[in-house]
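Undergrad: Next comes the structure file coords_19.tsv, holding TSV, C-alpha atoms.
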```
chain	number	residue	atom	x	y	z
A	1	MET	CA	76.41	-118.51	-45.63
A	2	ALA	CA	77.05	-116.09	-48.49
A	3	GLU	CA	80.29	-114.64	-49.78
A	4	SER	CA	80.78	-111.98	-52.46
A	5	ILE	CA	83.51	-112.81	-54.96
A	6	PRO	CA	86.20	-110.20	-55.71
A	7	GLY	CA	86.85	-109.56	-59.38
A	8	SER	CA	83.23	-109.95	-60.47
A	9	PRO	CA	81.38	-106.93	-61.91
A	10	ASP	CA	80.05	-104.23	-59.62
A	11	LEU	CA	76.31	-103.88	-59.18
A	12	PRO	CA	74.77	-100.46	-59.98
A	13	GLY	CA	73.71	-100.04	-56.35
A	14	GLY	CA	77.04	-101.21	-54.93
A	15	GLY	CA	78.53	-104.59	-54.11
A	16	LYS	CA	79.71	-107.41	-56.32
A	17	ALA	CA	77.47	-109.18	-58.83
A	18	LEU	CA	78.68	-112.69	-57.92
A	19	ARG	CA	78.24	-114.38	-54.58
A	20	VAL	CA	78.48	-118.01	-53.41
A	21	ASP	CA	76.08	-119.59	-50.92
A	22	PHE	CA	75.65	-122.93	-49.19
A	23	ASP	CA	71.97	-123.75	-49.63
A	24	VAL	CA	71.16	-126.20	-46.82
A	25	CYS	CA	68.15	-128.49	-46.59
A	26	ASP	CA	67.37	-130.60	-43.50
A	27	CYS	CA	66.16	-133.54	-45.59
A	28	VAL	CA	65.17	-137.12	-44.83
A	29	VAL	CA	67.22	-139.48	-46.99
A	30	TYR	CA	66.62	-143.21	-46.60
A	31	ASN	CA	64.84	-142.61	-43.29
A	32	ARG	CA	67.72	-140.53	-41.89
A	33	SER	CA	67.68	-136.79	-41.25
A	34	VAL	CA	70.73	-135.26	-42.93
A	35	ASP	CA	71.94	-131.87	-44.11
A	36	VAL	CA	71.78	-131.78	-47.90
A	37	VAL	CA	73.98	-128.89	-49.07
A	38	ASN	CA	73.77	-127.33	-52.54
A	39	VAL	CA	76.57	-125.00	-53.59
A	40	VAL	CA	75.10	-122.01	-55.41
A	41	GLY	CA	76.96	-119.27	-57.26
A	42	THR	CA	74.59	-116.38	-57.96
A	43	LEU	CA	75.38	-113.86	-60.68
A	44	GLN	CA	72.93	-111.07	-60.01
A	45	GLY	CA	71.07	-109.79	-63.06
A	46	LEU	CA	70.41	-106.17	-63.93
A	47	ALA	CA	66.71	-106.48	-64.76
A	48	THR	CA	64.17	-105.66	-62.05
A	49	GLY	CA	60.42	-105.77	-61.64
A	50	GLU	CA	58.43	-107.42	-64.42
A	51	ALA	CA	61.57	-107.67	-66.58
A	52	ALA	CA	63.45	-109.79	-64.01
A	53	CYS	CA	64.26	-113.40	-64.90
A	54	SER	CA	66.24	-116.32	-63.48
A	55	ILE	CA	68.29	-119.07	-65.13
A	56	VAL	CA	69.78	-122.21	-63.49
A	57	ILE	CA	72.91	-123.91	-64.89
A	58	SER	CA	73.60	-127.09	-62.95
A	59	GLY	CA	75.26	-130.42	-62.32
A	60	HIS	CA	75.22	-132.64	-59.21
A	61	TYR	CA	78.24	-133.43	-57.08
A	62	ASP	CA	76.96	-136.48	-55.22
A	63	SER	CA	77.57	-140.02	-56.43
A	64	ILE	CA	76.57	-143.56	-55.51
A	65	ASN	CA	78.01	-147.02	-56.03
A	66	SER	CA	76.01	-150.18	-56.74
A	67	ASN	CA	74.24	-149.83	-53.38
A	68	PRO	CA	72.46	-146.44	-53.24
A	69	SER	CA	72.30	-146.48	-49.42
A	70	ASP	CA	76.03	-147.24	-48.98
A	71	ASP	CA	77.63	-144.16	-47.43
A	72	THR	CA	80.91	-145.89	-46.48
A	73	ASN	CA	82.61	-147.24	-49.60
A	74	TYR	CA	83.94	-145.41	-52.63
A	75	ALA	CA	81.45	-144.25	-55.27
A	76	PRO	CA	83.37	-142.99	-58.32
A	77	GLY	CA	81.52	-140.15	-59.98
A	78	ALA	CA	83.85	-138.44	-62.44
A	79	ASN	CA	81.31	-138.64	-65.26
A	80	ASP	CA	78.13	-138.92	-63.19
A	81	ASP	CA	78.32	-136.15	-62.40
A	82	GLY	CA	81.68	-134.51	-61.85
A	83	SER	CA	81.53	-133.69	-65.55
A	84	GLY	CA	78.32	-131.68	-65.17
A	85	VAL	CA	79.62	-129.78	-62.15
A	86	THR	CA	82.73	-128.93	-64.16
A	87	VAL	CA	80.56	-127.46	-66.92
A	88	ALA	CA	78.63	-125.36	-64.40
A	89	MET	CA	81.85	-124.14	-62.76
A	90	GLU	CA	83.48	-123.26	-66.08
A	91	ALA	CA	80.34	-121.42	-67.17
A	92	LEU	CA	80.48	-119.46	-63.90
A	93	ARG	CA	84.18	-118.65	-64.41
A	94	VAL	CA	83.62	-117.28	-67.91
A	95	MET	CA	80.26	-115.61	-67.41
A	96	SER	CA	81.09	-113.98	-64.07
A	97	GLN	CA	83.26	-111.46	-65.90
A	98	HIS	CA	80.16	-110.01	-67.56
A	99	GLN	CA	76.68	-108.84	-66.57
A	100	TYR	CA	73.34	-110.03	-67.85
A	101	GLN	CA	69.72	-109.02	-67.57
A	102	CYS	CA	68.73	-112.33	-65.95
A	103	THR	CA	70.03	-113.56	-62.60
A	104	ILE	CA	71.98	-116.77	-63.23
A	105	TYR	CA	72.38	-119.51	-60.62
A	106	PHE	CA	75.33	-121.88	-61.12
A	107	VAL	CA	74.45	-124.85	-58.93
A	108	ALA	CA	76.21	-128.00	-57.76
A	109	PHE	CA	73.26	-129.99	-56.45
A	110	ALA	CA	73.48	-132.55	-53.65
A	111	ALA	CA	71.55	-135.82	-53.15
A	112	GLU	CA	70.46	-136.18	-56.76
A	113	GLU	CA	71.09	-139.91	-56.71
A	114	GLN	CA	69.06	-140.37	-53.52
A	115	GLY	CA	65.90	-138.71	-54.86
A	116	LEU	CA	66.60	-135.21	-56.26
A	117	HIS	CA	66.55	-133.74	-52.75
A	118	GLY	CA	68.84	-130.78	-53.36
A	119	ALA	CA	67.06	-129.77	-56.56
A	120	THR	CA	63.64	-130.13	-54.92
A	121	HIS	CA	64.73	-127.87	-52.08
A	122	LEU	CA	65.96	-125.11	-54.40
A	123	ALA	CA	63.02	-125.37	-56.81
A	124	ASP	CA	60.52	-125.13	-53.93
A	125	ALA	CA	62.37	-122.13	-52.50
A	126	MET	CA	62.37	-120.34	-55.86
A	127	GLU	CA	58.66	-121.03	-56.27
A	128	ALA	CA	57.89	-119.82	-52.73
A	129	ARG	CA	59.56	-116.46	-53.35
A	130	ASN	CA	57.84	-116.13	-56.76
A	131	GLU	CA	61.14	-116.18	-58.60
A	132	PRO	CA	60.60	-115.21	-62.26
A	133	PHE	CA	61.96	-118.49	-63.64
A	134	TYR	CA	63.18	-118.46	-67.24
A	135	ALA	CA	65.15	-121.66	-67.93
A	136	MET	CA	67.20	-124.51	-66.46
A	137	LEU	CA	70.17	-126.08	-68.25
A	138	ASN	CA	71.06	-129.31	-66.45
A	139	ASN	CA	74.38	-131.00	-67.30
A	140	ASP	CA	74.39	-134.64	-66.24
A	141	ILE	CA	76.85	-137.21	-67.67
A	142	VAL	CA	78.55	-135.05	-70.26
A	143	GLY	CA	82.22	-136.02	-70.02
A	144	GLY	CA	82.57	-139.49	-71.53
A	145	GLY	CA	82.52	-138.82	-75.27
A	146	GLY	CA	85.98	-140.33	-75.70
A	147	ILE	CA	85.12	-143.52	-73.80
A	148	PRO	CA	83.71	-146.60	-75.62
A	149	SER	CA	79.99	-146.89	-74.93
A	150	SER	CA	78.35	-149.91	-73.35
A	151	GLY	CA	77.21	-152.56	-75.81
A	152	THR	CA	78.42	-150.94	-79.03
A	153	GLY	CA	81.89	-149.68	-78.14
A	154	HIS	CA	81.20	-146.48	-80.08
A	155	GLN	CA	83.12	-143.32	-79.24
A	156	ASP	CA	81.68	-139.94	-80.21
A	157	ASN	CA	82.62	-136.57	-78.73
A	158	SER	CA	81.12	-134.62	-81.63
A	159	ARG	CA	77.47	-134.85	-80.53
A	160	ILE	CA	75.50	-134.06	-77.37
A	161	ARG	CA	71.93	-135.08	-76.55
A	162	ILE	CA	69.46	-132.41	-75.41
A	163	PHE	CA	66.46	-133.92	-73.63
A	164	SER	CA	63.28	-131.84	-73.40
A	165	ARG	CA	59.90	-132.68	-71.98
A	166	TRP	CA	56.42	-132.44	-73.43
A	167	GLY	CA	54.15	-129.41	-73.24
A	168	THR	CA	50.71	-129.21	-71.70
A	169	PRO	CA	47.69	-130.37	-73.75
A	170	GLN	CA	47.00	-126.71	-74.50
A	171	GLN	CA	50.57	-126.10	-75.68
A	172	GLY	CA	50.84	-129.24	-77.76
A	173	GLU	CA	53.34	-132.09	-77.71
A	174	ALA	CA	56.14	-130.15	-79.42
A	175	ASP	CA	55.36	-126.56	-78.47
A	176	GLY	CA	55.89	-126.45	-74.71
A	177	PRO	CA	58.54	-124.19	-73.16
A	178	SER	CA	61.13	-126.95	-72.70
A	179	ARG	CA	61.08	-128.04	-76.34
A	180	ALA	CA	61.16	-124.43	-77.51
A	181	LEU	CA	64.24	-123.94	-75.31
A	182	ALA	CA	65.87	-127.08	-76.74
A	183	ARG	CA	65.32	-125.92	-80.31
A	184	ALA	CA	66.76	-122.49	-79.50
A	185	ILE	CA	69.86	-124.11	-77.96
A	186	LYS	CA	70.34	-126.28	-81.05
A	187	GLU	CA	70.00	-123.29	-83.39
A	188	VAL	CA	72.45	-121.12	-81.47
A	189	GLY	CA	74.84	-124.01	-80.81
A	190	GLU	CA	75.10	-124.94	-84.48
A	191	ARG	CA	75.67	-121.31	-85.37
A	192	TYR	CA	78.63	-120.76	-83.05
A	193	VAL	CA	80.11	-124.22	-82.31
A	194	ASP	CA	80.72	-125.95	-85.62
A	195	TYR	CA	82.38	-129.09	-84.21
A	196	LEU	CA	79.53	-130.13	-81.87
A	197	GLU	CA	76.13	-131.34	-83.08
A	198	PRO	CA	73.23	-130.91	-80.63
A	199	VAL	CA	70.81	-133.86	-81.00
A	200	LEU	CA	67.24	-133.15	-79.88
A	201	ILE	CA	65.57	-135.94	-77.90
A	202	TYR	CA	61.88	-135.29	-77.29
A	203	ARG	CA	61.76	-137.02	-73.92
A	204	ASN	CA	62.16	-135.76	-70.38
A	205	ASP	CA	65.09	-138.17	-69.93
A	206	ARG	CA	66.41	-141.60	-70.87
A	207	TYR	CA	64.14	-144.59	-70.24
A	208	ARG	CA	63.69	-145.26	-66.51
A	209	ARG	CA	66.20	-142.52	-65.63
A	210	GLY	CA	65.87	-139.00	-64.27
A	211	GLY	CA	67.73	-135.91	-63.12
A	212	ASP	CA	67.51	-132.63	-61.25
A	213	HIS	CA	65.77	-130.89	-64.15
A	214	ARG	CA	62.67	-133.01	-63.55
A	215	VAL	CA	61.53	-131.22	-60.39
A	216	PHE	CA	61.88	-127.82	-62.08
A	217	GLY	CA	60.01	-129.08	-65.14
A	218	ASP	CA	57.23	-130.46	-62.95
A	219	LYS	CA	56.49	-126.86	-61.97
A	220	GLY	CA	55.86	-125.99	-65.62
A	221	TRP	CA	59.23	-124.30	-66.15
A	222	ALA	CA	61.44	-124.60	-69.24
A	223	VAL	CA	64.14	-127.22	-68.62
A	224	VAL	CA	66.59	-129.30	-70.65
A	225	ARG	CA	69.14	-131.97	-69.85
A	226	PHE	CA	72.49	-132.31	-71.65
A	227	THR	CA	73.92	-135.85	-71.80
A	228	GLU	CA	76.66	-137.43	-73.90
A	229	ILE	CA	75.49	-139.25	-77.03
A	230	ASN	CA	76.76	-142.72	-75.99
A	231	GLU	CA	76.91	-143.76	-72.35
A	232	ASN	CA	79.17	-146.27	-70.61
A	233	PHE	CA	77.12	-147.73	-67.77
A	234	GLN	CA	80.21	-149.25	-66.15
A	235	ARG	CA	81.06	-145.66	-65.14
A	236	GLN	CA	77.74	-144.95	-63.44
A	237	HIS	CA	76.50	-146.19	-60.05
A	238	GLN	CA	79.34	-148.71	-59.76
A	239	ASN	CA	81.71	-149.94	-57.09
A	240	SER	CA	85.45	-149.29	-57.51
A	241	ARG	CA	87.25	-151.97	-59.49
```
Transcribe the structure of this file into structure tokens.
TA:
Amino acid sequence: MAESIPGSPDLPGGGKALRVDFDVCDCVVYNRSVDVVNVVGTLQGLATGEAACSIVISGHYDSINSNPSDDTNYAPGANDDGSGVTVAMEALRVMSQHQYQCTIYFVAFAAEEQGLHGATHLADAMEARNEPFYAMLNNDIVGGGGIPSSGTGHQDNSRIRIFSRWGTPQQGEADGPSRALARAIKEVGERYVDYLEPVLIYRNDRYRRGGDHRVFGDKGWAVVRFTEINENFQRQHQNSR
């Protein structure tokens, strides 16, 4: 399914620059075959041929409670990751009024909590069609800056962590594409947003945690993850109280 969105810029060859698709994967999740459905807003870029490039801005709309295979009971997910989907949607709303050289995908991924299934499906599809991938900006747990963190009780909505993975041995530990992207984001962010401090974390993710950016990064592409500076783990993967 694809639908062009009225009000978005016109493409030079006709049609609207923005369309929305349901990207469906027939995936096996916990030994069950299910439809995993990503929601993808595509803002078509102007560049073609060797100059073409693609950017993904994402969050995930699925959530789990304390039992990851429980598909019956409530699984609150306002912060993990309704907050990230909100960022992607707001970016789409603002940016869809303009045109860019790169094609930009605004994605609400599905089945992140069950094994990154939606992200894997889209990343594999982009690789199969030789998409000229440029960068992925993954927003996961970004909305709790005003909530006391677990353990310390700290509240801080003035900083955001930017996680970036290592480079190849040839590139060096700090000089891979993901860490170059993270440094560029920090430089531009500090220039234009004076009330928010980007904090560089030279890791793919938090300890023993992961996100949709991982499968894109595993393909050698430039990826970062945005996450609030202090997390409250009572608002992640929990039953309703």
Undergrad: Choose the residue, out of A:Pro169, A:Pro68, A:Gly217, A:Gly211, that has the smallest atom-to-atom separation from Phe133 of chain A; count all atoms listed in the file.
TA: A:Gly217
Undergrad: If you count all atoms listed in the file, which residues fall within 8 Å of Arg183 of chain A, apart from same-chain ones fewer than 4 positions away, as a PyMOL selection string?
TA: chain A and resi 179+187+200
Undergrad: Go through A:His60, A:Arg214, A:Arg19, A:Arg165 one by one, measure the shortest atom-to-atom distance of each to Ala78 of chain A using all atoms listed in the file, and give the residue with the smallest value.
TA: A:His60
Undergrad: Can you work out which one of A:Thr152, A:Asn204, A:Gln170, A:Ser63 has the shortest atom-to-atom distance to Asp80 of chain A, counting only C-alpha atoms?
TA: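 Of the candidates, the smallest distance to Asp80 of chain A is held by A:Ser63.
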Undergrad: Can you list, as an mmCIF file with C-alpha atoms, in the frame of the given file, every protein, DNA or RNA residue that comes within 12 Å of Leu196 of chain A when you count all atoms listed in the file, leaving out same-chain residues fewer than 2 positions away?
TA:
```cif
data_model
loop_
_atom_site.group_PDB
_atom_site.id
_atom_site.type_symbol
_atom_site.label_atom_id
_atom_site.label_comp_id
_atom_site.auth_asym_id
_atom_site.auth_seq_id
_atom_site.Cartn_x
_atom_site.Cartn_y
_atom_site.Cartn_z
ATOM 1 C CA GLY A 145 82.520 -138.820 -75.270
ATOM 2 C CA ASP A 156 81.680 -139.940 -80.210
ATOM 3 C CA ASN A 157 82.620 -136.570 -78.730
ATOM 4 C CA SER A 158 81.120 -134.620 -81.630
ATOM 5 C CA ARG A 159 77.470 -134.850 -80.530
ATOM 6 C CA ILE A 160 75.500 -134.060 -77.370
ATOM 7 C CA ARG A 161 71.930 -135.080 -76.550
ATOM 8 C CA LYS A 186 70.340 -126.280 -81.050
ATOM 9 C CA GLU A 187 70.000 -123.290 -83.390
ATOM 10 C CA VAL A 188 72.450 -121.120 -81.470
ATOM 11 C CA GLY A 189 74.840 -124.010 -80.810
ATOM 12 C CA GLU A 190 75.100 -124.940 -84.480
ATOM 13 C CA ARG A 191 75.670 -121.310 -85.370
ATOM 14 C CA TYR A 192 78.630 -120.760 -83.050
ATOM 15 C CA VAL A 193 80.110 -124.220 -82.310
ATOM 16 C CA ASP A 194 80.720 -125.950 -85.620
ATOM 17 C CA PRO A 198 73.230 -130.910 -80.630
ATOM 18 C CA VAL A 199 70.810 -133.860 -81.000
ATOM 19 C CA GLU A 228 76.660 -137.430 -73.900
ATOM 20 C CA ILE A 229 75.490 -139.250 -77.030
#
```
Undergrad: Would you mind telling me which residue in A:Gly153, A:Gly41, A:Gly220, A:Gly176 lies nearest to Thr103 of chain A when using all atoms listed in the file?
TA: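 Nearest to Thr103 of chain A: A:Gly41.
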Undergrad: Calculated over only C-alpha atoms, which of the candidates A:Leu137, A:Met95, A:Leu46, A:Val39 has the smallest distance to Ala182 of chain A?
TA: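 Once distances to Ala182 of chain A are computed over only C-alpha atoms, the minimum belongs to A:Leu137.
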Undergrad: Could you tell me, as a list of chain:residue names, which residues have any atom at most 8 Å from (67.0, -115.3, -65.7), counting only C-alpha atoms?
TA: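 I get A:Gly45, A:Ala52, A:Cys53, A:Ser54, A:Ile55, A:Val56, A:Gln101, A:Cys102, A:Thr103, A:Ile104, A:Pro132, A:Phe133, A:Tyr134, A:Ala135 for the residues within 8 Å of that point.
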Undergrad: Do you have the atom CA of Asp35 of chain A-atom CA of Asp212 of chain A distance handy?
TA: 17.7 Å
Undergrad: Would you mind telling me which residue in A:Glu90, A:Asp81, A:Asp26, A:Glu197 lies nearest to Val142 of chain A when using all atoms listed in the file?
TA: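 That would be A:Asp81, the residue with the smallest distance to Val142 of chain A.
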Undergrad: For atom CA of Thr168 of chain A and atom CA of Ala180 of chain A, quote the distance in Å rounded to one decimal.
TA: 12.9 Å
Undergrad: What's the separation between atom CA of Ser178 of chain A and atom CA of Ser164 of chain A, in Å to one decimal place?
TA: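 Value for the atom CA of Ser178 of chain A-atom CA of Ser164 of chain A distance: 5.4 Å.
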